[in-house]
file structure26.cif (mmCIF, C-alpha atoms)
data_coords
loop_
_atom_site.label_atom_id
_atom_site.label_comp_id
_atom_site.auth_asym_id
_atom_site.auth_seq_id
_atom_site.Cartn_x
_atom_site.Cartn_y
_atom_site.Cartn_z
CA MET A 1355 46.26 7.94 3.22
CA GLU A 1356 48.16 6.48 0.24
CA GLY A 1357 45.85 4.78 -2.25
CA ALA A 1358 42.72 6.30 -0.76
CA THR A 1359 40.27 8.20 -2.94
CA MET A 1360 39.80 11.80 -1.85
CA SER A 1361 36.19 12.77 -1.31
CA HIS A 1362 34.90 16.32 -1.67
CA LYS A 1363 31.65 15.49 0.05
CA PRO A 1364 31.15 17.84 3.03
CA LEU A 1365 31.14 16.31 6.49
CA ALA A 1366 27.77 16.14 8.22
CA ASP A 1367 27.14 18.96 10.70
CA TRP A 1368 23.93 17.41 12.03
CA ASP A 1369 21.40 14.61 11.52
CA PRO A 1370 17.85 15.91 10.80
CA GLN A 1371 16.47 12.41 11.45
CA ASP A 1372 18.02 12.06 14.89
CA GLN A 1373 15.36 11.35 17.53
CA ALA A 1374 16.56 14.32 19.59
CA VAL A 1375 15.80 16.59 16.63
CA LEU A 1376 12.44 14.97 15.84
CA HIS A 1377 11.34 15.11 19.49
CA ASP A 1378 11.26 18.91 19.35
CA GLN A 1379 11.90 20.23 15.86
CA ARG A 1380 11.50 23.90 16.77
CA ARG A 1381 14.06 23.71 19.57
CA ALA A 1382 16.49 21.73 17.42
CA TYR A 1383 16.24 24.13 14.49
CA ASP A 1384 16.60 27.14 16.78
CA GLU A 1385 19.78 25.62 18.19
CA MET A 1386 21.15 24.99 14.69
CA ARG A 1387 20.40 28.58 13.68
CA GLU A 1388 22.57 29.86 16.52
CA ARG A 1389 25.26 27.16 16.38
CA CYS A 1390 25.64 26.35 12.68
CA PRO A 1391 23.34 28.47 10.49
CA VAL A 1392 24.58 26.85 7.26
CA ALA A 1393 24.78 23.13 8.01
CA HIS A 1394 25.28 20.04 5.87
CA SER A 1395 23.60 16.65 6.23
CA ASP A 1396 23.23 13.63 3.97
CA PHE A 1397 19.45 13.87 4.31
CA LEU A 1398 18.84 17.55 3.49
CA GLY A 1399 22.01 18.73 1.80
CA TRP A 1400 22.82 22.29 2.90
CA SER A 1401 20.25 23.59 5.41
CA LEU A 1402 19.87 27.33 5.93
CA PHE A 1403 18.41 28.49 9.23
CA ASN A 1404 18.66 32.27 9.55
CA HIS A 1405 16.44 34.94 8.06
CA GLU A 1406 19.19 36.87 6.27
CA ASP A 1407 20.53 33.87 4.32
CA ILE A 1408 17.10 32.56 3.37
CA GLY A 1409 15.96 36.03 2.31
CA ALA A 1410 18.98 36.29 0.01
CA VAL A 1411 18.13 32.95 -1.59
CA LEU A 1412 14.52 33.95 -2.19
CA ALA A 1413 15.65 37.19 -3.80
CA ASP A 1414 17.86 35.40 -6.35
CA PRO A 1415 15.83 32.72 -8.18
CA GLU A 1416 18.38 32.57 -11.01
CA THR A 1417 21.14 31.36 -8.70
CA PHE A 1418 18.85 29.27 -6.51
CA SER A 1419 16.66 27.19 -8.77
CA SER A 1420 13.24 25.79 -7.88
CA ALA A 1421 13.18 23.45 -10.90
CA SER A 1422 12.11 19.89 -10.19
CA ARG A 1423 13.08 16.68 -11.99
CA HIS A 1424 9.38 15.89 -12.17
CA THR A 1425 6.51 17.98 -13.51
CA ALA A 1426 5.65 20.40 -10.70
CA ILE A 1427 3.47 23.31 -11.82
CA PRO A 1428 4.21 26.10 -11.06
CA ASN A 1429 6.28 25.84 -7.87
CA GLY A 1430 8.82 23.46 -9.41
CA MET A 1431 9.56 25.72 -12.38
CA ASP A 1432 12.06 28.49 -13.08
CA GLU A 1433 11.71 31.41 -15.45
CA PRO A 1434 10.72 31.78 -18.21
CA GLU A 1435 8.32 28.82 -17.76
CA HIS A 1436 7.15 29.76 -14.28
CA THR A 1437 5.33 33.05 -14.86
CA PRO A 1438 2.97 31.98 -17.73
CA TYR A 1439 1.85 28.89 -15.83
CA ARG A 1440 1.35 30.81 -12.63
CA ALA A 1441 -0.59 33.52 -14.46
CA ALA A 1442 -2.86 30.86 -16.02
CA LEU A 1443 -3.75 29.51 -12.54
CA ASP A 1444 -4.15 32.86 -10.77
CA PRO A 1445 -7.85 33.34 -11.74
CA TYR A 1446 -8.77 30.18 -9.80
CA LEU A 1447 -7.23 31.59 -6.62
CA ASP A 1448 -7.85 35.33 -6.88
CA VAL A 1449 -9.99 37.57 -4.68
CA GLN A 1450 -13.16 37.01 -6.70
CA ALA A 1451 -12.75 33.23 -6.73
CA MET A 1452 -12.21 33.16 -2.98
CA ALA A 1453 -15.25 35.38 -2.35
CA ALA A 1454 -17.36 32.91 -4.32
CA PHE A 1455 -15.88 29.95 -2.47
CA GLU A 1456 -16.20 31.41 1.04
CA PRO A 1457 -19.84 30.47 1.79
CA HIS A 1458 -19.23 26.87 0.68
CA CYS A 1459 -16.09 26.66 2.80
CA ARG A 1460 -17.83 28.16 5.82
CA ARG A 1461 -20.65 25.63 5.55
CA ILE A 1462 -18.14 22.77 5.52
CA ALA A 1463 -16.50 24.17 8.66
CA ALA A 1464 -19.82 24.68 10.43
CA ASP A 1465 -21.04 21.17 9.55
CA ALA A 1466 -17.76 19.62 10.72
CA ILE A 1467 -17.97 21.40 14.07
CA GLN A 1468 -21.62 20.50 14.48
CA SER A 1469 -20.68 16.83 14.07
CA ILE A 1470 -18.16 16.97 16.92
CA ARG A 1471 -20.19 19.09 19.37
CA ALA A 1472 -22.04 16.00 20.58
CA HIS A 1473 -18.79 14.76 22.15
CA GLU A 1474 -17.25 16.20 25.30
CA THR A 1475 -13.75 15.30 24.13
CA VAL A 1476 -12.58 14.82 20.57
CA ASP A 1477 -9.41 14.28 18.56
CA ILE A 1478 -9.58 17.54 16.66
CA VAL A 1479 -7.08 16.41 14.00
CA SER A 1480 -8.87 13.32 12.70
CA ASN A 1481 -12.36 14.72 13.32
CA PHE A 1482 -12.03 18.34 12.24
CA THR A 1483 -8.82 19.81 10.81
CA GLU A 1484 -8.11 17.10 8.23
CA PRO A 1485 -11.73 16.43 7.16
CA PHE A 1486 -12.42 20.15 6.89
CA ALA A 1487 -9.32 20.97 4.81
CA LEU A 1488 -9.72 18.07 2.40
CA ARG A 1489 -13.50 18.37 2.04
CA SER A 1490 -12.92 22.03 1.24
CA LEU A 1491 -10.45 21.03 -1.43
CA CYS A 1492 -12.86 18.50 -2.94
CA THR A 1493 -15.57 21.16 -3.07
CA LEU A 1494 -13.22 23.68 -4.67
CA ILE A 1495 -12.02 21.35 -7.42
CA GLY A 1496 -15.40 19.70 -8.00
CA TRP A 1497 -14.65 16.18 -6.80
CA PRO A 1498 -17.09 13.97 -4.84
CA LEU A 1499 -16.96 15.00 -1.20
CA GLU A 1500 -16.21 11.48 0.02
CA THR A 1501 -12.94 11.51 -1.94
CA TRP A 1502 -11.38 13.36 1.00
CA VAL A 1503 -10.76 10.03 2.74
CA ASN A 1504 -8.59 8.82 -0.16
CA LEU A 1505 -6.76 12.12 -0.23
CA ARG A 1506 -6.03 11.89 3.49
CA GLY A 1507 -4.51 8.45 3.07
CA TRP A 1508 -2.45 9.68 0.15
CA SER A 1509 -1.23 12.74 2.09
CA HIS A 1510 -0.13 10.69 5.08
CA GLY A 1511 1.64 8.20 2.84
CA ASN A 1512 3.35 11.00 0.96
CA GLN A 1513 4.72 12.49 4.18
CA GLN A 1514 6.04 9.13 5.33
CA ALA A 1515 7.68 8.46 1.97
CA ALA A 1516 9.38 11.88 2.09
CA PHE A 1517 10.77 11.18 5.54
CA SER A 1518 11.95 7.66 4.79
CA ARG A 1519 13.16 8.49 1.26
CA ASP A 1520 11.29 5.41 0.09
CA ARG A 1521 11.40 5.73 -3.69
CA ALA A 1522 9.23 2.69 -4.32
CA ALA A 1523 6.53 4.06 -2.04
CA GLY A 1524 6.85 7.48 -3.64
CA LYS A 1525 6.42 5.98 -7.11
CA SER A 1526 3.39 4.00 -5.97
CA LEU A 1527 1.82 7.08 -4.38
CA ALA A 1528 2.43 9.12 -7.54
CA ALA A 1529 0.61 6.45 -9.56
CA GLU A 1530 -2.22 6.39 -7.01
CA PHE A 1531 -2.76 10.14 -7.26
CA THR A 1532 -2.59 10.03 -11.05
CA GLY A 1533 -5.38 7.46 -10.85
CA PHE A 1534 -7.53 9.81 -8.77
CA VAL A 1535 -7.16 12.61 -11.29
CA THR A 1536 -7.49 10.43 -14.39
CA GLN A 1537 -10.79 9.08 -13.10
CA GLU A 1538 -12.16 12.60 -12.65
CA LEU A 1539 -10.96 13.70 -16.09
CA ASP A 1540 -12.48 10.62 -17.72
CA VAL A 1541 -15.84 11.33 -16.09
CA ARG A 1542 -15.81 14.85 -17.50
CA ARG A 1543 -14.81 13.71 -20.96
CA LYS A 1544 -17.58 11.10 -21.06
CA THR A 1545 -20.33 13.38 -19.78
CA GLY A 1546 -19.16 16.61 -21.36
CA VAL A 1547 -19.41 18.33 -17.98
CA ARG A 1548 -18.12 21.86 -17.91
CA SER A 1549 -19.20 24.15 -15.11
CA SER A 1550 -17.77 27.49 -14.11
CA ASN A 1551 -17.88 26.21 -10.53
CA ASP A 1552 -15.92 23.06 -11.38
CA LEU A 1553 -12.25 23.88 -11.18
CA THR A 1554 -11.08 20.53 -12.56
CA SER A 1555 -13.20 21.04 -15.68
CA GLY A 1556 -11.79 24.53 -15.97
CA LEU A 1557 -8.22 23.24 -15.90
CA MET A 1558 -9.02 20.99 -18.85
CA HIS A 1559 -9.52 24.13 -20.96
CA VAL A 1560 -6.58 26.20 -19.70
CA GLU A 1561 -3.98 27.15 -22.28
CA VAL A 1562 -0.41 28.29 -21.65
CA ASN A 1563 1.55 29.77 -24.53
CA GLY A 1564 -1.18 28.59 -26.90
CA LYS A 1565 -1.05 24.98 -25.70
CA ARG A 1566 -3.72 23.30 -23.59
CA LEU A 1567 -2.66 21.73 -20.28
CA SER A 1568 -1.93 18.02 -20.57
CA ASP A 1569 -3.35 15.43 -18.19
CA GLU A 1570 0.12 15.22 -16.63
CA ASP A 1571 0.06 18.99 -16.08
CA ILE A 1572 -3.33 18.80 -14.36
CA VAL A 1573 -2.15 15.92 -12.16
CA SER A 1574 0.83 18.04 -11.11
CA ILE A 1575 -1.30 21.09 -10.28
CA LEU A 1576 -3.84 19.13 -8.24
CA ARG A 1577 -1.11 17.13 -6.48
CA ASN A 1578 0.48 20.40 -5.40
CA TRP A 1579 -2.83 21.74 -4.11
CA THR A 1580 -3.59 18.51 -2.25
CA ALA A 1581 -0.20 18.53 -0.55
CA GLY A 1582 -0.81 22.17 0.30
CA HIS A 1583 -4.06 21.26 2.01
CA GLY A 1584 -2.16 18.90 4.26
CA THR A 1585 -0.19 21.96 5.32
CA VAL A 1586 -3.41 23.95 5.77
CA ALA A 1587 -4.82 21.23 8.05
CA ALA A 1588 -1.57 21.26 10.04
CA GLY A 1589 -1.73 25.04 10.33
CA ILE A 1590 -5.31 24.98 11.62
CA GLY A 1591 -4.31 22.41 14.21
CA LEU A 1592 -1.35 24.48 15.41
CA VAL A 1593 -3.50 27.59 15.80
CA ILE A 1594 -6.08 25.62 17.78
CA LEU A 1595 -3.30 24.16 19.93
CA HIS A 1596 -1.99 27.62 20.76
CA LEU A 1597 -5.45 28.90 21.65
CA ALA A 1598 -6.14 25.83 23.80
CA GLU A 1599 -2.90 26.44 25.68
CA ASN A 1600 -3.38 30.22 25.91
CA GLN A 1601 -6.88 30.92 27.15
CA ASN A 1602 -6.28 34.68 27.35
CA ILE A 1603 -5.65 34.88 23.61
CA GLN A 1604 -8.60 32.56 22.96
CA ARG A 1605 -10.87 34.90 24.92
CA GLN A 1606 -9.44 37.95 23.16
CA LEU A 1607 -10.19 36.48 19.74
CA ARG A 1608 -13.72 35.53 20.81
CA ASN A 1609 -14.27 39.17 21.79
CA GLU A 1610 -12.34 40.68 18.86
CA PRO A 1611 -12.63 38.29 15.88
CA ILE A 1612 -11.26 41.01 13.62
CA LEU A 1613 -7.83 40.14 15.05
CA LEU A 1614 -8.01 36.54 13.85
CA PRO A 1615 -6.15 36.87 10.50
CA ALA A 1616 -3.20 38.59 12.17
CA ALA A 1617 -3.30 36.08 15.01
CA ILE A 1618 -3.14 33.12 12.63
CA ASP A 1619 -0.10 34.50 10.80
CA GLU A 1620 1.67 35.35 14.05
CA ILE A 1621 0.93 32.02 15.76
CA LEU A 1622 2.18 30.16 12.69
CA ARG A 1623 5.26 32.35 12.60
CA ILE A 1624 6.43 30.86 15.88
CA ASP A 1625 5.07 27.37 15.18
CA GLY A 1626 4.89 26.83 11.43
CA PRO A 1627 3.23 23.79 9.82
CA LEU A 1628 5.81 23.26 7.06
CA VAL A 1629 9.43 22.54 7.97
CA ALA A 1630 11.20 23.49 4.76
CA ASN A 1631 11.37 23.88 0.98
CA ARG A 1632 14.24 23.16 -1.38
CA ARG A 1633 16.36 24.98 -3.92
CA THR A 1634 19.32 23.92 -6.09
CA THR A 1635 22.34 26.10 -6.78
CA THR A 1636 23.03 26.93 -10.43
CA ARG A 1637 26.57 28.15 -9.74
CA ASP A 1638 29.20 27.98 -7.02
CA VAL A 1639 28.22 30.25 -4.13
CA LYS A 1640 29.33 31.16 -0.65
CA ILE A 1641 26.74 31.42 2.12
CA GLY A 1642 27.60 32.08 5.74
CA GLY A 1643 31.25 31.34 5.06
CA GLN A 1644 30.47 27.95 3.49
CA LYS A 1645 31.45 27.16 -0.10
CA ILE A 1646 28.52 25.51 -1.85
CA ALA A 1647 29.00 23.97 -5.28
CA ALA A 1648 26.77 24.35 -8.32
CA GLY A 1649 24.14 21.62 -8.32
CA ASP A 1650 24.04 21.27 -4.52
CA MET A 1651 20.69 21.09 -2.74
CA LEU A 1652 19.65 23.77 -0.26
CA THR A 1653 16.90 23.31 2.31
CA LEU A 1654 15.27 26.51 3.54
CA MET A 1655 14.21 25.93 7.14
CA TRP A 1656 11.13 28.12 7.45
CA ILE A 1657 10.52 27.32 11.11
CA ALA A 1658 13.95 28.55 12.17
CA THR A 1659 13.97 31.68 10.03
CA ASN A 1660 10.59 32.83 11.35
CA ARG A 1661 11.90 32.56 14.92
CA ASP A 1662 15.15 34.42 14.23
CA PRO A 1663 15.73 36.85 17.13
CA LYS A 1664 17.86 39.08 14.90
CA VAL A 1665 14.69 39.91 12.99
CA PHE A 1666 11.85 39.39 15.47
CA ASP A 1667 11.95 40.96 18.92
CA ASP A 1668 10.73 38.53 21.59
CA ALA A 1669 10.77 36.00 18.75
CA ASN A 1670 9.20 33.06 20.59
CA GLU A 1671 6.16 34.98 21.81
CA VAL A 1672 2.93 35.85 20.00
CA HIS A 1673 2.31 39.58 19.60
CA LEU A 1674 -0.86 40.33 17.68
CA ASP A 1675 0.33 43.84 16.80
CA ARG A 1676 3.64 42.66 15.30
CA ASP A 1677 4.56 44.02 11.86
CA PRO A 1678 4.09 40.99 9.56
CA ALA A 1679 6.42 42.26 6.84
CA GLU A 1680 9.31 39.88 7.65
CA ASN A 1681 7.14 36.82 8.28
CA LEU A 1682 8.06 34.17 5.68
CA LEU A 1683 5.18 31.84 6.51
CA PHE A 1684 4.08 31.86 2.86
CA GLY A 1685 7.53 32.41 1.39
CA TRP A 1686 8.57 35.50 -0.56
CA GLY A 1687 9.56 36.47 -4.07
CA ILE A 1688 8.36 34.94 -7.33
CA HIS A 1689 7.70 31.56 -5.69
CA HIS A 1690 5.67 32.82 -2.73
CA CYS A 1691 2.68 30.56 -2.08
CA GLN A 1692 0.20 30.95 -4.93
CA GLY A 1693 -2.60 29.60 -2.75
CA ILE A 1694 -2.04 32.16 0.02
CA ARG A 1695 -5.60 33.57 -0.25
CA LEU A 1696 -7.11 30.09 -0.19
CA ALA A 1697 -4.98 28.96 2.76
CA ARG A 1698 -5.75 32.09 4.76
CA LEU A 1699 -9.46 31.83 3.98
CA GLU A 1700 -9.69 28.18 5.05
CA MET A 1701 -7.67 28.67 8.23
CA ARG A 1702 -9.67 31.76 9.21
CA LEU A 1703 -13.04 30.12 8.61
CA ALA A 1704 -12.09 26.95 10.47
CA VAL A 1705 -10.97 28.81 13.59
CA GLU A 1706 -13.73 31.42 13.29
CA GLU A 1707 -16.45 28.74 13.26
CA LEU A 1708 -14.82 26.80 16.10
CA LEU A 1709 -14.76 29.93 18.25
CA ALA A 1710 -18.33 30.87 17.29
CA ARG A 1711 -19.78 27.42 18.02
CA THR A 1712 -18.08 26.77 21.35
CA GLU A 1713 -17.75 28.66 24.61
CA GLN A 1714 -14.31 27.26 25.37
CA PHE A 1715 -11.91 24.55 24.29
CA GLU A 1716 -8.91 23.23 26.16
CA LEU A 1717 -6.42 20.37 26.00
CA VAL A 1718 -7.19 17.12 27.76
CA THR A 1719 -4.16 16.91 30.02
CA SER A 1720 -4.14 13.11 30.11
CA ALA A 1721 -3.72 12.95 26.31
CA GLN A 1722 -0.85 15.17 25.23
CA PRO A 1723 -0.77 16.22 21.56
CA LYS A 1724 1.38 14.09 19.28
CA ARG A 1725 3.57 15.92 16.79
CA ASP A 1726 4.26 14.99 13.20
CA VAL A 1727 7.87 15.04 11.99
CA TYR A 1728 9.65 16.22 8.84
CA PRO A 1729 8.41 17.36 6.36
CA SER A 1730 5.53 18.43 8.60
CA ASN A 1731 5.54 20.17 11.94
CA GLY A 1732 1.82 19.63 12.43
CA LEU A 1733 -0.08 17.39 14.80
CA GLY A 1734 -0.81 13.69 14.50
CA THR A 1735 -3.38 13.79 17.31
CA MET A 1736 -4.74 16.45 19.67
CA THR A 1737 -7.57 15.75 22.11
CA LEU A 1738 -9.68 18.72 23.14
CA ARG A 1739 -12.45 19.21 25.67
CA LEU A 1740 -15.22 21.34 24.17
CA SER A 1741 -17.78 23.35 26.06
#
call {"tool": "encode", "arguments": {"input": "structure26.cif", "output": "structure tokens"}}
result
Amino acid sequence: MEGATMSHKPLADWDPQDQAVLHDQRRAYDEMRERCPVAHSDFLGWSLFNHEDIGAVLADPETFSSASRHTAIPNGMDEPEHTPYRAALDPYLDVQAMAAFEPHCRRIAADAIQSIRAHETVDIVSNFTEPFALRSLCTLIGWPLETWVNLRGWSHGNQQAAFSRDRAAGKSLAAEFTGFVTQELDVRRKTGVRSSNDLTSGLMHVEVNGKRLSDEDIVSILRNWTAGHGTVAAGIGLVILHLAENQNIQRQLRNEPILLPAAIDEILRIDGPLVANRRTTTRDVKIGGQKIAAGDMLTLMWIATNRDPKVFDDANEVHLDRDPAENLLFGWGIHHCQGIRLARLEMRLAVEELLARTEQFELVTSAQPKRDVYPSNGLGTMTLRLS
């Protein structure tokens, strides 16, 4: 039209916030993977849904940047910054550290289950999965155990701010979390506390490239781990949901607990707790026939890629003997989840203790589970009957 300004903004292929999408995110993302595997929306930029495209992005971190506008250590960094920071944090999450943490984590799980066994029915999310995950985090980082309540409120607020794109709320939540960390750092500076079992104290003495971590750096690291524990809680809930709905698998795992780690990964392959992560293109690229400009945002839809029938036979069914090599539950490449050992440990212990301390659990049919929505695919509520 004469006088009109031409726009190069791509047309929207879908609306991730549409109620039909949010009602059943897995179904919606599966449909997008088959109908429009590289799709644009105002909310998420370019979304990638199939395993091949996402695998290519993960294999090329130079073209597809993880860098964040805000301090985000180490997952929001590119090379050469990324590797030294990640290496500095690895000792806190390695095999030896997790072996030392396991008995503490198991005790938290056992105590949490003991507290709900007095009830015939219980909302497992508010009474077990969230308290367990966040109390475990507090124990790991050396914070007062009761702080988990504040962290839960922060996590819920953070999810809502991400969905609504409420910048004011996001800024307020960032300040709130900084306050949590600053208080803990101040306590340690005043008392001179330094314990090998206190991870927060340890971070105060970490050096990267000859420079000690700043308070802002420590806030970033602990914010990342706290957000990750929201995902852990969601993952535990989804595994419990699957076992409540599939009594045969529940019985099998009670009889063969050695299968539990593989079962957790496979259950979360078909019903993952985290919807997506982001990347930014550093040059013009072409993916799935779509031209994507340098500086555009990509959203990697983990849930859809892990249910891709081109990669996984019988993709929507749990097979405990499935080869896990293509499962992207924890990502892949240089930015694969640094806390993978911690997440797997906490999820295994939570489900292990629930199975050991009950004879059976099942859904209460009159109270259907309520799902969270983007950026989570976890559960808001889930009422179980325990026996």
call {"tool": "closest_residue", "arguments": {"input": "structure26.cif", "among": "A:Thr1536, A:Ser1574, A:Ser1730, A:Asn1602", "to": "Asp1625 in chain A", "atoms": "all atoms listed in the file"}}
result
A:Ser1730
call {"tool": "resolve_selection", "arguments": {"input": "structure26.cif", "expression": "the PyMOL selection byres ((chain A and resi 1591) around 10)", "output": "MDAnalysis selection string"}}
result
chainID A and resid 1478:1479 1482:1484 1585:1590 1592:1597 1627 1701 1704:1705 1732:1736
call {"tool": "closest_atom_pairs", "arguments": {"input": "structure26.cif", "of": "range 1565-1633 of chain A", "to": "range 1638-1658 of chain A", "cutoff": "10 Å", "atoms": "all atoms listed in the file", "output": "JSON lines"}}
result
{"residue": "A:Leu1622", "atom": "CA", "partner": "A:Ile1657", "partner_atom": "CA", "distance": 9.0}
{"residue": "A:Arg1623", "atom": "CA", "partner": "A:Ile1657", "partner_atom": "CA", "distance": 7.4}
{"residue": "A:Ile1624", "atom": "CA", "partner": "A:Ile1657", "partner_atom": "CA", "distance": 7.2}
{"residue": "A:Asp1625", "atom": "CA", "partner": "A:Ile1657", "partner_atom": "CA", "distance": 6.8}
{"residue": "A:Gly1626", "atom": "CA", "partner": "A:Ile1657", "partner_atom": "CA", "distance": 5.7}
{"residue": "A:Pro1627", "atom": "CA", "partner": "A:Ile1657", "partner_atom": "CA", "distance": 8.2}
{"residue": "A:Leu1628", "atom": "CA", "partner": "A:Trp1656", "partner_atom": "CA", "distance": 7.2}
{"residue": "A:Val1629", "atom": "CA", "partner": "A:Ile1657", "partner_atom": "CA", "distance": 5.8}
{"residue": "A:Ala1630", "atom": "CA", "partner": "A:Met1655", "partner_atom": "CA", "distance": 4.5}
{"residue": "A:Asn1631", "atom": "CA", "partner": "A:Leu1654", "partner_atom": "CA", "distance": 5.4}
{"residue": "A:Arg1632", "atom": "CA", "partner": "A:Thr1653", "partner_atom": "CA", "distance": 4.6}
{"residue": "A:Arg1633", "atom": "CA", "partner": "A:Leu1652", "partner_atom": "CA", "distance": 5.1}
call {"tool": "closest_residue", "arguments": {"input": "structure26.cif", "among": "A:Asp1369, A:Asp1662, A:Glu1671, A:Pro1615", "to": "Asp1407 in chain A", "atoms": "all atoms listed in the file"}}
result
A:Asp1662
call {"tool": "closest_residue", "arguments": {"input": "structure26.cif", "among": "A:Val1562, A:Leu1682, A:Ala1522, A:Leu1376", "to": "Ile1427 in chain A", "atoms": "only C-alpha atoms"}}
result
A:Val1562
call {"tool": "closest_residue", "arguments": {"input": "structure26.cif", "among": "A:Gln1722, A:Asp1372, A:Ile1621, A:Ala1616", "to": "Asp1675 in chain A", "atoms": "all atoms listed in the file"}}
result
A:Ala1616
call {"tool": "residues_around", "arguments": {"input": "structure26.cif", "residues": "range 1432-1447 of chain A", "least_positions_apart": "3", "cutoff": "9 Å", "atoms": "only C-alpha atoms", "output": "ChimeraX atom specification"}}
result
/A:1415-1416,1419-1421,1427-1429,1450-1452,1553,1556-1557,1560-1563,1688-1689,1692-1696
call {"tool": "closest_residue", "arguments": {"input": "structure26.cif", "among": "A:Asn1504, A:Ser1469, A:Ser1720, A:Thr1580", "to": "Ser1490 in chain A", "atoms": "only C-alpha atoms"}}
result
A:Thr1580
call {"tool": "atom_distance", "arguments": {"input": "structure26.cif", "atom1": "CA of Arg1698 in chain A", "atom2": "CA of Phe1531 in chain A"}}
result
25.2 Å
call {"tool": "resolve_selection", "arguments": {"input": "structure26.cif", "expression": "the PyMOL selection byres ((chain A and resi 1537-1546) around 9)", "output": "mmCIF file with C-alpha atoms, keeping the file's coordinate frame"}}
result
data_model
loop_
_atom_site.group_PDB
_atom_site.id
_atom_site.type_symbol
_atom_site.label_atom_id
_atom_site.label_comp_id
_atom_site.auth_asym_id
_atom_site.auth_seq_id
_atom_site.Cartn_x
_atom_site.Cartn_y
_atom_site.Cartn_z
ATOM 1 C CA TRP A 1497 -14.650 16.180 -6.800
ATOM 2 C CA THR A 1532 -2.590 10.030 -11.050
ATOM 3 C CA GLY A 1533 -5.380 7.460 -10.850
ATOM 4 C CA PHE A 1534 -7.530 9.810 -8.770
ATOM 5 C CA VAL A 1535 -7.160 12.610 -11.290
ATOM 6 C CA THR A 1536 -7.490 10.430 -14.390
ATOM 7 C CA VAL A 1547 -19.410 18.330 -17.980
ATOM 8 C CA ARG A 1548 -18.120 21.860 -17.910
ATOM 9 C CA THR A 1554 -11.080 20.530 -12.560
ATOM 10 C CA SER A 1555 -13.200 21.040 -15.680
ATOM 11 C CA MET A 1558 -9.020 20.990 -18.850
ATOM 12 C CA ASP A 1569 -3.350 15.430 -18.190
#
call {"tool": "closest_residue", "arguments": {"input": "structure26.cif", "among": "A:Gly1582, A:Glu1700, A:Val1573, A:Leu1567", "to": "Ala1528 in chain A", "atoms": "only C-alpha atoms"}}
result
A:Val1573
call {"tool": "atom_distance", "arguments": {"input": "structure26.cif", "atom1": "CA of Thr1475 in chain A", "atom2": "CA of Gln1714 in chain A"}}
result
12.0 Å
call {"tool": "atom_distance", "arguments": {"input": "structure26.cif", "atom1": "CA of Gln1606 in chain A", "atom2": "CA of Asp1668 in chain A"}}
result
20.2 Å
call {"tool": "resolve_selection", "arguments": {"input": "structure26.cif", "expression": "the PyMOL selection byres ((chain A and resi 1710) around 12)", "output": "PDB file with C-alpha atoms, keeping the file's coordinate frame"}}
result
ATOM      1  CA  ARG A1460     -17.830  28.160   5.820  1.00  0.00           C
ATOM      2  CA  ALA A1463     -16.500  24.170   8.660  1.00  0.00           C
ATOM      3  CA  ALA A1464     -19.820  24.680  10.430  1.00  0.00           C
ATOM      4  CA  ILE A1467     -17.970  21.400  14.070  1.00  0.00           C
ATOM      5  CA  GLN A1468     -21.620  20.500  14.480  1.00  0.00           C
ATOM      6  CA  GLN A1604      -8.600  32.560  22.960  1.00  0.00           C
ATOM      7  CA  ARG A1605     -10.870  34.900  24.920  1.00  0.00           C
ATOM      8  CA  LEU A1607     -10.190  36.480  19.740  1.00  0.00           C
ATOM      9  CA  ARG A1608     -13.720  35.530  20.810  1.00  0.00           C
ATOM     10  CA  ASN A1609     -14.270  39.170  21.790  1.00  0.00           C
ATOM     11  CA  GLU A1610     -12.340  40.680  18.860  1.00  0.00           C
ATOM     12  CA  PRO A1611     -12.630  38.290  15.880  1.00  0.00           C
ATOM     13  CA  ARG A1702      -9.670  31.760   9.210  1.00  0.00           C
ATOM     14  CA  LEU A1703     -13.040  30.120   8.610  1.00  0.00           C
ATOM     15  CA  ALA A1704     -12.090  26.950  10.470  1.00  0.00           C
ATOM     16  CA  VAL A1705     -10.970  28.810  13.590  1.00  0.00           C
ATOM     17  CA  GLU A1706     -13.730  31.420  13.290  1.00  0.00           C
ATOM     18  CA  GLU A1707     -16.450  28.740  13.260  1.00  0.00           C
ATOM     19  CA  LEU A1708     -14.820  26.800  16.100  1.00  0.00           C
ATOM     20  CA  LEU A1709     -14.760  29.930  18.250  1.00  0.00           C
ATOM     21  CA  ARG A1711     -19.780  27.420  18.020  1.00  0.00           C
ATOM     22  CA  THR A1712     -18.080  26.770  21.350  1.00  0.00           C
ATOM     23  CA  GLU A1713     -17.750  28.660  24.610  1.00  0.00           C
ATOM     24  CA  GLN A1714     -14.310  27.260  25.370  1.00  0.00           C
ATOM     25  CA  PHE A1715     -11.910  24.550  24.290  1.00  0.00           C
ATOM     26  CA  SER A1741     -17.780  23.350  26.060  1.00  0.00           C
TER      27      SER A1741
END
call {"tool": "residues_around", "arguments": {"input": "structure26.cif", "residues": "Cys1390 in chain A", "least_positions_apart": "6", "cutoff": "10 Å", "atoms": "all atoms listed in the file", "output": "list of chain:residue names"}}
result
A:Asp1367, A:Trp1368, A:Tyr1383, A:Asp1384, A:Ser1401, A:Leu1402, A:Phe1403, A:Asn1404, A:Gly1642
call {"tool": "axis_aligned_box", "arguments": {"input": "structure26.cif", "around": "range 1644-1656 of chain A", "padding_each_side": "8 Å", "output": "JSON"}}
result
{"center_x": 21.3, "center_y": 24.6, "center_z": -0.4, "size_x": 36.3, "size_y": 23.0, "size_z": 31.8}
call {"tool": "closest_atom_pairs", "arguments": {"input": "structure26.cif", "of": "range 1710-1735 of chain A", "to": "range 1377-1382 of chain A", "cutoff": "9 Å", "atoms": "only C-alpha atoms", "output": "Markdown table"}}
result
| residue | atom | partner | partner_atom | distance |
| --- | --- | --- | --- | --- |
| A:Arg1725 | CA | A:His1377 | CA | 8.3 |
| A:Val1727 | CA | A:Gln1379 | CA | 7.6 |
| A:Tyr1728 | CA | A:Gln1379 | CA | 8.4 |
| A:Asn1731 | CA | A:Gln1379 | CA | 7.5 |
